[in-house]
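S.K.: Have a peek at input24.pdb (PDB, all heavy atoms).
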MODEL        1
ATOM      1  N   MET A 534      32.764-244.687  42.953
ATOM      2  CA  MET A 534      33.523-244.392  44.168
ATOM      3  C   MET A 534      34.259-243.058  44.059
ATOM      4  O   MET A 534      34.749-242.558  45.041
ATOM      5  CB  MET A 534      34.521-245.515  44.435
ATOM      6  CG  MET A 534      33.867-246.831  44.820
ATOM      7  SD  MET A 534      32.827-246.714  46.270
ATOM      8  CE  MET A 534      34.040-246.649  47.538
ATOM      9  N   ASN A 535      34.325-242.518  42.876
ATOM     10  CA  ASN A 535      35.000-241.244  42.707
ATOM     11  C   ASN A 535      34.305-240.133  43.493
ATOM     12  O   ASN A 535      34.954-239.227  43.991
ATOM     13  CB  ASN A 535      35.066-240.891  41.219
ATOM     14  CG  ASN A 535      36.013-239.754  40.929
ATOM     15  OD1 ASN A 535      36.847-239.418  41.756
ATOM     16  ND2 ASN A 535      35.883-239.169  39.774
ATOM     17  N   VAL A 536      32.985-240.227  43.631
ATOM     18  CA  VAL A 536      32.232-239.230  44.390
ATOM     19  C   VAL A 536      32.649-239.257  45.847
ATOM     20  O   VAL A 536      32.798-238.219  46.490
ATOM     21  CB  VAL A 536      30.715-239.486  44.246
ATOM     22  CG1 VAL A 536      29.922-238.609  45.175
ATOM     23  CG2 VAL A 536      30.280-239.283  42.814
ATOM     24  N   TRP A 537      32.862-240.453  46.383
ATOM     25  CA  TRP A 537      33.259-240.572  47.799
ATOM     26  C   TRP A 537      34.646-239.988  48.022
ATOM     27  O   TRP A 537      34.916-239.404  49.071
ATOM     28  CB  TRP A 537      33.206-242.026  48.249
ATOM     29  CG  TRP A 537      31.800-242.533  48.228
ATOM     30  CD1 TRP A 537      31.278-243.459  47.379
ATOM     31  CD2 TRP A 537      30.728-242.112  49.062
ATOM     32  NE1 TRP A 537      29.948-243.647  47.630
ATOM     33  CE2 TRP A 537      29.578-242.828  48.673
ATOM     34  CE3 TRP A 537      30.614-241.215  50.099
ATOM     35  CZ2 TRP A 537      28.348-242.666  49.286
ATOM     36  CZ3 TRP A 537      29.383-241.052  50.711
ATOM     37  CH2 TRP A 537      28.275-241.775  50.307
ATOM     38  N   LYS A 538      35.536-240.113  47.053
ATOM     39  CA  LYS A 538      36.872-239.510  47.182
ATOM     40  C   LYS A 538      36.765-237.992  47.197
ATOM     41  O   LYS A 538      37.441-237.329  47.978
ATOM     42  CB  LYS A 538      37.774-239.964  46.037
ATOM     43  CG  LYS A 538      38.193-241.406  46.140
ATOM     44  CD  LYS A 538      39.091-241.796  44.999
ATOM     45  CE  LYS A 538      39.426-243.270  45.038
ATOM     46  NZ  LYS A 538      40.250-243.671  43.904
ATOM     47  N   LYS A 539      35.900-237.449  46.341
ATOM     48  CA  LYS A 539      35.707-235.997  46.316
ATOM     49  C   LYS A 539      35.079-235.515  47.613
ATOM     50  O   LYS A 539      35.454-234.483  48.156
ATOM     51  CB  LYS A 539      34.831-235.601  45.132
ATOM     52  CG  LYS A 539      35.509-235.751  43.797
ATOM     53  CD  LYS A 539      34.587-235.349  42.670
ATOM     54  CE  LYS A 539      35.226-235.567  41.329
ATOM     55  NZ  LYS A 539      34.319-235.203  40.223
ATOM     56  N   LEU A 540      34.109-236.282  48.107
ATOM     57  CA  LEU A 540      33.454-235.921  49.366
ATOM     58  C   LEU A 540      34.441-235.971  50.524
ATOM     59  O   LEU A 540      34.460-235.088  51.376
ATOM     60  CB  LEU A 540      32.275-236.852  49.633
ATOM     61  CG  LEU A 540      31.457-236.563  50.888
ATOM     62  CD1 LEU A 540      30.842-235.182  50.813
ATOM     63  CD2 LEU A 540      30.398-237.614  51.061
ATOM     64  N   ALA A 541      35.290-236.987  50.545
ATOM     65  CA  ALA A 541      36.282-237.101  51.607
ATOM     66  C   ALA A 541      37.290-235.959  51.533
ATOM     67  O   ALA A 541      37.688-235.399  52.560
ATOM     68  CB  ALA A 541      36.995-238.452  51.515
ATOM     69  N   ALA A 542      37.688-235.587  50.328
ATOM     70  CA  ALA A 542      38.625-234.478  50.163
ATOM     71  C   ALA A 542      37.996-233.163  50.621
ATOM     72  O   ALA A 542      38.651-232.344  51.275
ATOM     73  CB  ALA A 542      39.068-234.377  48.710
ATOM     74  N   ALA A 543      36.719-232.961  50.295
ATOM     75  CA  ALA A 543      36.036-231.739  50.725
ATOM     76  C   ALA A 543      35.886-231.702  52.236
ATOM     77  O   ALA A 543      36.082-230.660  52.867
ATOM     78  CB  ALA A 543      34.670-231.644  50.056
ATOM     79  N   ALA A 544      35.546-232.846  52.840
ATOM     80  CA  ALA A 544      35.395-232.901  54.294
ATOM     81  C   ALA A 544      36.730-232.644  54.990
ATOM     82  O   ALA A 544      36.782-231.927  55.995
ATOM     83  CB  ALA A 544      34.835-234.258  54.709
ATOM     84  N   LEU A 545      37.798-233.212  54.456
ATOM     85  CA  LEU A 545      39.120-232.986  55.041
ATOM     86  C   LEU A 545      39.522-231.526  54.916
ATOM     87  O   LEU A 545      40.042-230.937  55.863
ATOM     88  CB  LEU A 545      40.154-233.892  54.365
ATOM     89  CG  LEU A 545      41.588-233.746  54.843
ATOM     90  CD1 LEU A 545      41.689-234.096  56.323
ATOM     91  CD2 LEU A 545      42.514-234.615  54.026
ATOM     92  N   SER A 546      39.261-230.927  53.753
ATOM     93  CA  SER A 546      39.592-229.516  53.557
ATOM     94  C   SER A 546      38.835-228.628  54.533
ATOM     95  O   SER A 546      39.398-227.718  55.121
ATOM     96  CB  SER A 546      39.271-229.097  52.125
ATOM     97  OG  SER A 546      40.046-229.824  51.212
ATOM     98  N   CYS A 547      37.539-228.910  54.698
ATOM     99  CA  CYS A 547      36.733-228.117  55.629
ATOM    100  C   CYS A 547      37.205-228.295  57.063
ATOM    101  O   CYS A 547      37.263-227.340  57.822
ATOM    102  CB  CYS A 547      35.262-228.502  55.513
ATOM    103  SG  CYS A 547      34.484-227.917  54.008
ATOM    104  N   SER A 548      37.530-229.530  57.430
ATOM    105  CA  SER A 548      37.958-229.758  58.809
ATOM    106  C   SER A 548      39.296-229.081  59.088
ATOM    107  O   SER A 548      39.519-228.566  60.175
ATOM    108  CB  SER A 548      38.033-231.251  59.109
ATOM    109  OG  SER A 548      39.049-231.866  58.351
ATOM    110  N   LEU A 549      40.184-229.065  58.101
ATOM    111  CA  LEU A 549      41.461-228.374  58.289
ATOM    112  C   LEU A 549      41.268-226.864  58.328
ATOM    113  O   LEU A 549      41.924-226.173  59.107
ATOM    114  CB  LEU A 549      42.434-228.747  57.169
ATOM    115  CG  LEU A 549      42.950-230.176  57.182
ATOM    116  CD1 LEU A 549      43.804-230.438  55.956
ATOM    117  CD2 LEU A 549      43.749-230.459  58.444
ATOM    118  N   LEU A 550      40.363-226.369  57.505
ATOM    119  CA  LEU A 550      40.127-224.930  57.453
ATOM    120  C   LEU A 550      39.450-224.423  58.708
ATOM    121  O   LEU A 550      39.850-223.427  59.294
ATOM    122  CB  LEU A 550      39.279-224.589  56.216
ATOM    123  CG  LEU A 550      38.918-223.130  56.022
ATOM    124  CD1 LEU A 550      40.183-222.308  55.782
ATOM    125  CD2 LEU A 550      37.975-222.980  54.850
ATOM    126  N   PHE A 551      38.405-225.129  59.149
ATOM    127  CA  PHE A 551      37.622-224.665  60.291
ATOM    128  C   PHE A 551      38.036-225.299  61.616
ATOM    129  O   PHE A 551      37.514-224.947  62.647
ATOM    130  CB  PHE A 551      36.132-224.918  60.041
ATOM    131  CG  PHE A 551      35.597-224.141  58.877
ATOM    132  CD1 PHE A 551      35.199-224.785  57.723
ATOM    133  CD2 PHE A 551      35.506-222.764  58.939
ATOM    134  CE1 PHE A 551      34.703-224.078  56.639
ATOM    135  CE2 PHE A 551      35.017-222.039  57.859
ATOM    136  CZ  PHE A 551      34.616-222.693  56.718
ATOM    137  N   GLY A 552      38.964-226.228  61.585
ATOM    138  CA  GLY A 552      39.394-226.904  62.803
ATOM    139  C   GLY A 552      40.117-225.988  63.767
ATOM    140  O   GLY A 552      40.102-226.204  64.969
ATOM    141  N   SER A 553      40.738-224.957  63.235
ATOM    142  CA  SER A 553      41.480-224.050  64.098
ATOM    143  C   SER A 553      40.615-222.916  64.639
ATOM    144  O   SER A 553      41.060-222.149  65.473
ATOM    145  CB  SER A 553      42.667-223.465  63.325
ATOM    146  OG  SER A 553      42.199-222.719  62.219
ATOM    147  N   VAL A 554      39.380-222.818  64.180
ATOM    148  CA  VAL A 554      38.473-221.769  64.645
ATOM    149  C   VAL A 554      37.874-222.196  65.983
ATOM    150  O   VAL A 554      37.442-223.324  66.142
ATOM    151  CB  VAL A 554      37.354-221.519  63.609
ATOM    152  CG1 VAL A 554      36.375-220.473  64.116
ATOM    153  CG2 VAL A 554      37.948-221.094  62.288
ATOM    154  N   GLY A 555      37.819-221.296  66.936
ATOM    155  CA  GLY A 555      37.357-221.619  68.271
ATOM    156  C   GLY A 555      35.855-221.526  68.459
ATOM    157  O   GLY A 555      35.395-221.324  69.563
ATOM    158  N   ALA A 556      35.085-221.671  67.420
ATOM    159  CA  ALA A 556      33.625-221.593  67.544
ATOM    160  C   ALA A 556      33.042-222.998  67.619
ATOM    161  O   ALA A 556      33.577-223.941  67.061
ATOM    162  CB  ALA A 556      33.042-220.862  66.335
ATOM    163  N   SER A 557      31.929-223.121  68.329
ATOM    164  CA  SER A 557      31.255-224.415  68.374
ATOM    165  C   SER A 557      29.984-224.315  67.543
ATOM    166  O   SER A 557      28.984-223.760  67.971
ATOM    167  CB  SER A 557      30.935-224.809  69.813
ATOM    168  OG  SER A 557      30.105-223.841  70.391
ATOM    169  N   ALA A 558      30.082-224.828  66.331
ATOM    170  CA  ALA A 558      28.946-224.771  65.418
ATOM    171  C   ALA A 558      28.912-226.048  64.591
ATOM    172  O   ALA A 558      29.914-226.747  64.471
ATOM    173  CB  ALA A 558      29.064-223.557  64.499
ATOM    174  N   CYS A 559      27.758-226.355  64.040
ATOM    175  CA  CYS A 559      27.606-227.537  63.194
ATOM    176  C   CYS A 559      27.978-227.194  61.757
ATOM    177  O   CYS A 559      27.808-226.076  61.302
ATOM    178  CB  CYS A 559      26.169-228.044  63.215
ATOM    179  SG  CYS A 559      25.672-228.703  64.804
ATOM    180  N   THR A 560      28.472-228.191  61.068
ATOM    181  CA  THR A 560      28.764-228.072  59.647
ATOM    182  C   THR A 560      27.917-229.098  58.926
ATOM    183  O   THR A 560      27.887-230.261  59.301
ATOM    184  CB  THR A 560      30.261-228.347  59.360
ATOM    185  OG1 THR A 560      31.041-227.407  60.075
ATOM    186  CG2 THR A 560      30.550-228.231  57.886
ATOM    187  N   THR A 561      27.210-228.672  57.888
ATOM    188  CA  THR A 561      26.383-229.572  57.107
ATOM    189  C   THR A 561      26.973-229.703  55.717
ATOM    190  O   THR A 561      27.336-228.715  55.094
ATOM    191  CB  THR A 561      24.936-229.043  57.003
ATOM    192  OG1 THR A 561      24.416-228.902  58.315
ATOM    193  CG2 THR A 561      24.062-229.985  56.213
ATOM    194  N   ILE A 562      27.081-230.936  55.253
ATOM    195  CA  ILE A 562      27.557-231.227  53.902
ATOM    196  C   ILE A 562      26.396-231.850  53.141
ATOM    197  O   ILE A 562      25.789-232.809  53.605
ATOM    198  CB  ILE A 562      28.761-232.189  53.922
ATOM    199  CG1 ILE A 562      29.926-231.556  54.679
ATOM    200  CG2 ILE A 562      29.172-232.552  52.506
ATOM    201  CD1 ILE A 562      31.079-232.487  54.909
ATOM    202  N   TYR A 563      26.082-231.300  51.975
ATOM    203  CA  TYR A 563      24.993-231.811  51.151
ATOM    204  C   TYR A 563      25.549-232.160  49.773
ATOM    205  O   TYR A 563      26.225-231.350  49.153
ATOM    206  CB  TYR A 563      23.880-230.780  51.000
ATOM    207  CG  TYR A 563      22.798-231.207  50.043
ATOM    208  CD1 TYR A 563      21.804-232.086  50.456
ATOM    209  CD2 TYR A 563      22.781-230.762  48.737
ATOM    210  CE1 TYR A 563      20.811-232.502  49.585
ATOM    211  CE2 TYR A 563      21.797-231.172  47.854
ATOM    212  CZ  TYR A 563      20.818-232.042  48.284
ATOM    213  OH  TYR A 563      19.844-232.464  47.421
ATOM    214  N   VAL A 564      25.275-233.374  49.320
ATOM    215  CA  VAL A 564      25.645-233.813  47.973
ATOM    216  C   VAL A 564      24.358-234.201  47.267
ATOM    217  O   VAL A 564      23.606-235.045  47.754
ATOM    218  CB  VAL A 564      26.618-235.013  48.021
ATOM    219  CG1 VAL A 564      26.963-235.472  46.618
ATOM    220  CG2 VAL A 564      27.883-234.657  48.786
ATOM    221  N   GLY A 565      24.099-233.588  46.140
ATOM    222  CA  GLY A 565      22.864-233.843  45.396
ATOM    223  C   GLY A 565      22.797-235.254  44.840
ATOM    224  O   GLY A 565      23.809-235.929  44.663
ATOM    225  N   GLY A 566      21.582-235.708  44.573
ATOM    226  CA  GLY A 566      21.351-237.052  44.075
ATOM    227  C   GLY A 566      22.002-237.329  42.734
ATOM    228  O   GLY A 566      22.336-238.477  42.429
ATOM    229  N   ASN A 567      22.222-236.302  41.931
ATOM    230  CA  ASN A 567      22.855-236.522  40.636
ATOM    231  C   ASN A 567      24.361-236.770  40.742
ATOM    232  O   ASN A 567      25.005-237.091  39.757
ATOM    233  CB  ASN A 567      22.577-235.343  39.704
ATOM    234  CG  ASN A 567      23.096-234.036  40.252
ATOM    235  OD1 ASN A 567      23.308-233.892  41.448
ATOM    236  ND2 ASN A 567      23.280-233.077  39.392
ATOM    237  N   LEU A 568      24.929-236.641  41.943
ATOM    238  CA  LEU A 568      26.364-236.858  42.137
ATOM    239  C   LEU A 568      26.689-238.158  42.869
ATOM    240  O   LEU A 568      27.855-238.464  43.070
ATOM    241  CB  LEU A 568      26.979-235.687  42.907
ATOM    242  CG  LEU A 568      26.912-234.335  42.208
ATOM    243  CD1 LEU A 568      27.454-233.250  43.121
ATOM    244  CD2 LEU A 568      27.690-234.365  40.912
ATOM    245  N   THR A 569      25.682-238.902  43.291
ATOM    246  CA  THR A 569      25.929-240.159  43.986
ATOM    247  C   THR A 569      25.594-241.334  43.088
ATOM    248  O   THR A 569      24.806-241.210  42.150
ATOM    249  CB  THR A 569      25.086-240.262  45.282
ATOM    250  OG1 THR A 569      23.707-240.232  44.938
ATOM    251  CG2 THR A 569      25.405-239.138  46.252
ATOM    252  N   GLU A 570      26.213-242.471  43.356
ATOM    253  CA  GLU A 570      25.987-243.665  42.545
ATOM    254  C   GLU A 570      24.556-244.176  42.676
ATOM    255  O   GLU A 570      23.977-244.674  41.717
ATOM    256  CB  GLU A 570      26.962-244.777  42.942
ATOM    257  CG  GLU A 570      28.379-244.493  42.537
ATOM    258  CD  GLU A 570      29.310-245.631  42.909
ATOM    259  OE1 GLU A 570      28.826-246.740  43.206
ATOM    260  OE2 GLU A 570      30.527-245.398  42.890
ATOM    261  N   GLU A 571      23.985-244.063  43.868
ATOM    262  CA  GLU A 571      22.634-244.568  44.104
ATOM    263  C   GLU A 571      21.548-243.620  43.606
ATOM    264  O   GLU A 571      20.398-243.992  43.519
ATOM    265  CB  GLU A 571      22.403-244.822  45.604
ATOM    266  CG  GLU A 571      23.291-245.895  46.187
ATOM    267  CD  GLU A 571      24.643-245.355  46.609
ATOM    268  OE1 GLU A 571      24.815-244.118  46.678
ATOM    269  OE2 GLU A 571      25.536-246.168  46.850
ATOM    270  N   GLY A 572      21.915-242.365  43.345
ATOM    271  CA  GLY A 572      20.942-241.381  42.885
ATOM    272  C   GLY A 572      20.160-240.725  44.009
ATOM    273  O   GLY A 572      19.156-240.069  43.764
ATOM    274  N   THR A 573      20.597-240.912  45.245
ATOM    275  CA  THR A 573      19.921-240.284  46.382
ATOM    276  C   THR A 573      20.821-239.208  46.973
ATOM    277  O   THR A 573      22.037-239.324  46.958
ATOM    278  CB  THR A 573      19.605-241.335  47.478
ATOM    279  OG1 THR A 573      20.828-241.967  47.877
ATOM    280  CG2 THR A 573      18.637-242.372  46.969
ATOM    281  N   PRO A 574      20.237-238.146  47.496
ATOM    282  CA  PRO A 574      21.054-237.088  48.103
ATOM    283  C   PRO A 574      21.720-237.591  49.381
ATOM    284  O   PRO A 574      21.242-238.498  50.049
ATOM    285  CB  PRO A 574      20.058-235.971  48.405
ATOM    286  CG  PRO A 574      18.721-236.565  48.285
ATOM    287  CD  PRO A 574      18.822-237.810  47.492
ATOM    288  N   PHE A 575      22.851-236.968  49.707
ATOM    289  CA  PHE A 575      23.634-237.340  50.889
ATOM    290  C   PHE A 575      23.783-236.095  51.759
ATOM    291  O   PHE A 575      24.249-235.061  51.275
ATOM    292  CB  PHE A 575      24.999-237.861  50.440
ATOM    293  CG  PHE A 575      25.898-238.245  51.564
ATOM    294  CD1 PHE A 575      25.757-239.453  52.205
ATOM    295  CD2 PHE A 575      26.904-237.386  51.984
ATOM    296  CE1 PHE A 575      26.596-239.819  53.245
ATOM    297  CE2 PHE A 575      27.738-237.741  53.028
ATOM    298  CZ  PHE A 575      27.587-238.943  53.649
ATOM    299  N   VAL A 576      23.383-236.203  53.013
ATOM    300  CA  VAL A 576      23.509-235.086  53.951
ATOM    301  C   VAL A 576      24.268-235.585  55.170
ATOM    302  O   VAL A 576      23.966-236.641  55.722
ATOM    303  CB  VAL A 576      22.127-234.557  54.385
ATOM    304  CG1 VAL A 576      22.273-233.429  55.380
ATOM    305  CG2 VAL A 576      21.325-234.119  53.178
ATOM    306  N   ALA A 577      25.277-234.812  55.589
ATOM    307  CA  ALA A 577      26.058-235.175  56.769
ATOM    308  C   ALA A 577      26.233-233.931  57.645
ATOM    309  O   ALA A 577      26.396-232.825  57.139
ATOM    310  CB  ALA A 577      27.415-235.726  56.369
ATOM    311  N   ARG A 578      26.177-234.130  58.952
ATOM    312  CA  ARG A 578      26.407-233.039  59.902
ATOM    313  C   ARG A 578      27.492-233.430  60.878
ATOM    314  O   ARG A 578      27.567-234.562  61.318
ATOM    315  CB  ARG A 578      25.146-232.714  60.693
ATOM    316  CG  ARG A 578      24.105-231.990  59.879
ATOM    317  CD  ARG A 578      22.958-231.577  60.718
ATOM    318  NE  ARG A 578      23.371-230.432  61.561
ATOM    319  CZ  ARG A 578      22.582-229.874  62.438
ATOM    320  NH1 ARG A 578      21.379-230.338  62.636
ATOM    321  NH2 ARG A 578      22.991-228.860  63.129
ATOM    322  N   THR A 579      28.328-232.460  61.215
ATOM    323  CA  THR A 579      29.360-232.706  62.220
ATOM    324  C   THR A 579      29.232-231.659  63.301
ATOM    325  O   THR A 579      28.718-230.588  63.083
ATOM    326  CB  THR A 579      30.765-232.616  61.613
ATOM    327  OG1 THR A 579      30.947-231.320  61.047
ATOM    328  CG2 THR A 579      30.977-233.679  60.582
TER     329      THR A 579
ENDMDL
END
Translate the structure of the given file into structure tokens.
M.R.:
Amino acid sequence: MNVWKKLAAAALSCSLLFGSVGASACTTIYVGGNLTEEGTPFVART
């Protein structure tokens, strides 16, 4: 579960950093399979 805490912290940091920018663009977060408990890569888009 430590990976999920790091991922949540990174997502929060990015949202705070880019939340004040007035651009409408997608953000993609990629976590490699060697960093997840299941061994599968994780991709998220906002």
S.K.: Quick one: apply the PyMOL selection byres ((chain A and resi 575) around 4) to the file and drop the selected residues here as an mmCIF file with all heavy atoms, keeping the file's coordinate frame.
M.R.:
data_model
loop_
_atom_site.group_PDB
_atom_site.id
_atom_site.type_symbol
_atom_site.label_atom_id
_atom_site.label_comp_id
_atom_site.auth_asym_id
_atom_site.auth_seq_id
_atom_site.Cartn_x
_atom_site.Cartn_y
_atom_site.Cartn_z
ATOM 1 N N TRP A 537 32.862 -240.453 46.383
ATOM 2 C CA TRP A 537 33.259 -240.572 47.799
ATOM 3 C C TRP A 537 34.646 -239.988 48.022
ATOM 4 O O TRP A 537 34.916 -239.404 49.071
ATOM 5 C CB TRP A 537 33.206 -242.026 48.249
ATOM 6 C CG TRP A 537 31.800 -242.533 48.228
ATOM 7 C CD1 TRP A 537 31.278 -243.459 47.379
ATOM 8 C CD2 TRP A 537 30.728 -242.112 49.062
ATOM 9 N NE1 TRP A 537 29.948 -243.647 47.630
ATOM 10 C CE2 TRP A 537 29.578 -242.828 48.673
ATOM 11 C CE3 TRP A 537 30.614 -241.215 50.099
ATOM 12 C CZ2 TRP A 537 28.348 -242.666 49.286
ATOM 13 C CZ3 TRP A 537 29.383 -241.052 50.711
ATOM 14 C CH2 TRP A 537 28.275 -241.775 50.307
ATOM 15 N N LEU A 540 34.109 -236.282 48.107
ATOM 16 C CA LEU A 540 33.454 -235.921 49.366
ATOM 17 C C LEU A 540 34.441 -235.971 50.524
ATOM 18 O O LEU A 540 34.460 -235.088 51.376
ATOM 19 C CB LEU A 540 32.275 -236.852 49.633
ATOM 20 C CG LEU A 540 31.457 -236.563 50.888
ATOM 21 C CD1 LEU A 540 30.842 -235.182 50.813
ATOM 22 C CD2 LEU A 540 30.398 -237.614 51.061
ATOM 23 N N ILE A 562 27.081 -230.936 55.253
ATOM 24 C CA ILE A 562 27.557 -231.227 53.902
ATOM 25 C C ILE A 562 26.396 -231.850 53.141
ATOM 26 O O ILE A 562 25.789 -232.809 53.605
ATOM 27 C CB ILE A 562 28.761 -232.189 53.922
ATOM 28 C CG1 ILE A 562 29.926 -231.556 54.679
ATOM 29 C CG2 ILE A 562 29.172 -232.552 52.506
ATOM 30 C CD1 ILE A 562 31.079 -232.487 54.909
ATOM 31 N N TYR A 563 26.082 -231.300 51.975
ATOM 32 C CA TYR A 563 24.993 -231.811 51.151
ATOM 33 C C TYR A 563 25.549 -232.160 49.773
ATOM 34 O O TYR A 563 26.225 -231.350 49.153
ATOM 35 C CB TYR A 563 23.880 -230.780 51.000
ATOM 36 C CG TYR A 563 22.798 -231.207 50.043
ATOM 37 C CD1 TYR A 563 21.804 -232.086 50.456
ATOM 38 C CD2 TYR A 563 22.781 -230.762 48.737
ATOM 39 C CE1 TYR A 563 20.811 -232.502 49.585
ATOM 40 C CE2 TYR A 563 21.797 -231.172 47.854
ATOM 41 C CZ TYR A 563 20.818 -232.042 48.284
ATOM 42 O OH TYR A 563 19.844 -232.464 47.421
ATOM 43 N N VAL A 564 25.275 -233.374 49.320
ATOM 44 C CA VAL A 564 25.645 -233.813 47.973
ATOM 45 C C VAL A 564 24.358 -234.201 47.267
ATOM 46 O O VAL A 564 23.606 -235.045 47.754
ATOM 47 C CB VAL A 564 26.618 -235.013 48.021
ATOM 48 C CG1 VAL A 564 26.963 -235.472 46.618
ATOM 49 C CG2 VAL A 564 27.883 -234.657 48.786
ATOM 50 N N THR A 573 20.597 -240.912 45.245
ATOM 51 C CA THR A 573 19.921 -240.284 46.382
ATOM 52 C C THR A 573 20.821 -239.208 46.973
ATOM 53 O O THR A 573 22.037 -239.324 46.958
ATOM 54 C CB THR A 573 19.605 -241.335 47.478
ATOM 55 O OG1 THR A 573 20.828 -241.967 47.877
ATOM 56 C CG2 THR A 573 18.637 -242.372 46.969
ATOM 57 N N PRO A 574 20.237 -238.146 47.496
ATOM 58 C CA PRO A 574 21.054 -237.088 48.103
ATOM 59 C C PRO A 574 21.720 -237.591 49.381
ATOM 60 O O PRO A 574 21.242 -238.498 50.049
ATOM 61 C CB PRO A 574 20.058 -235.971 48.405
ATOM 62 C CG PRO A 574 18.721 -236.565 48.285
ATOM 63 C CD PRO A 574 18.822 -237.810 47.492
ATOM 64 N N VAL A 576 23.383 -236.203 53.013
ATOM 65 C CA VAL A 576 23.509 -235.086 53.951
ATOM 66 C C VAL A 576 24.268 -235.585 55.170
ATOM 67 O O VAL A 576 23.966 -236.641 55.722
ATOM 68 C CB VAL A 576 22.127 -234.557 54.385
ATOM 69 C CG1 VAL A 576 22.273 -233.429 55.380
ATOM 70 C CG2 VAL A 576 21.325 -234.119 53.178
ATOM 71 N N ALA A 577 25.277 -234.812 55.589
ATOM 72 C CA ALA A 577 26.058 -235.175 56.769
ATOM 73 C C ALA A 577 26.233 -233.931 57.645
ATOM 74 O O ALA A 577 26.396 -232.825 57.139
ATOM 75 C CB ALA A 577 27.415 -235.726 56.369
#
S.K.: As an exercise, work out the distance from atom C of Cys547 in chain A to atom C of Gly572 in chain A in Å and give it to one decimal place.
M.R.: 24.8 Å
S.K.: Between CA of Thr561 in chain A and NH1 of Arg578 in chain A, what distance in Å does the model show, to one decimal?
M.R.: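 Distance between the two atoms: 7.5 Å.
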S.K.: Any idea what the distance is between CA of Glu570 in chain A and CB of Asn535 in chain A?
M.R.: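 Atom-to-atom, CA of Glu570 in chain A and CB of Asn535 in chain A are spaced 9.6 Å apart.
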S.K.: Mind dumping range 536-551 of chain A from that block, keeping N, CA and C atoms, as an mmCIF file, in the first residue's frame?
M.R.:
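Output contents, as saved in out-v9.cif:
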data_model
loop_
_atom_site.group_PDB
_atom_site.id
_atom_site.type_symbol
_atom_site.label_atom_id
_atom_site.label_comp_id
_atom_site.auth_asym_id
_atom_site.auth_seq_id
_atom_site.Cartn_x
_atom_site.Cartn_y
_atom_site.Cartn_z
ATOM 1 N N VAL A 536 2.933 2.136 -2.181
ATOM 2 C CA VAL A 536 2.944 2.677 -3.540
ATOM 3 C C VAL A 536 1.745 3.581 -3.752
ATOM 4 N N TRP A 537 0.596 3.178 -3.224
ATOM 5 C CA TRP A 537 -0.623 3.992 -3.394
ATOM 6 C C TRP A 537 -0.499 5.314 -2.651
ATOM 7 N N LYS A 538 0.175 5.326 -1.514
ATOM 8 C CA LYS A 538 0.387 6.585 -0.784
ATOM 9 C C LYS A 538 1.285 7.515 -1.589
ATOM 10 N N LYS A 539 2.323 6.951 -2.205
ATOM 11 C CA LYS A 539 3.215 7.767 -3.033
ATOM 12 C C LYS A 539 2.483 8.296 -4.254
ATOM 13 N N LEU A 540 1.661 7.437 -4.854
ATOM 14 C CA LEU A 540 0.888 7.853 -6.025
ATOM 15 C C LEU A 540 -0.103 8.950 -5.660
ATOM 16 N N ALA A 541 -0.753 8.813 -4.514
ATOM 17 C CA ALA A 541 -1.704 9.828 -4.077
ATOM 18 C C ALA A 541 -0.997 11.146 -3.784
ATOM 19 N N ALA A 542 0.179 11.075 -3.182
ATOM 20 C CA ALA A 542 0.943 12.288 -2.896
ATOM 21 C C ALA A 542 1.380 12.972 -4.190
ATOM 22 N N ALA A 543 1.803 12.181 -5.176
ATOM 23 C CA ALA A 543 2.209 12.760 -6.459
ATOM 24 C C ALA A 543 1.025 13.387 -7.173
ATOM 25 N N ALA A 544 -0.131 12.715 -7.135
ATOM 26 C CA ALA A 544 -1.325 13.256 -7.785
ATOM 27 C C ALA A 544 -1.772 14.550 -7.110
ATOM 28 N N LEU A 545 -1.718 14.582 -5.789
ATOM 29 C CA LEU A 545 -2.095 15.798 -5.068
ATOM 30 C C LEU A 545 -1.137 16.933 -5.387
ATOM 31 N N SER A 546 0.161 16.630 -5.432
ATOM 32 C CA SER A 546 1.149 17.658 -5.758
ATOM 33 C C SER A 546 0.922 18.225 -7.151
ATOM 34 N N CYS A 547 0.663 17.333 -8.112
ATOM 35 C CA CYS A 547 0.416 17.789 -9.481
ATOM 36 C C CYS A 547 -0.856 18.618 -9.570
ATOM 37 N N SER A 548 -1.898 18.180 -8.871
ATOM 38 C CA SER A 548 -3.153 18.924 -8.950
ATOM 39 C C SER A 548 -3.016 20.302 -8.311
ATOM 40 N N LEU A 549 -2.244 20.397 -7.235
ATOM 41 C CA LEU A 549 -2.024 21.705 -6.617
ATOM 42 C C LEU A 549 -1.148 22.588 -7.495
ATOM 43 N N LEU A 550 -0.163 21.984 -8.133
ATOM 44 C CA LEU A 550 0.744 22.753 -8.978
ATOM 45 C C LEU A 550 0.062 23.250 -10.234
ATOM 46 N N PHE A 551 -0.679 22.361 -10.902
ATOM 47 C CA PHE A 551 -1.292 22.713 -12.179
ATOM 48 C C PHE A 551 -2.746 23.160 -12.058
#
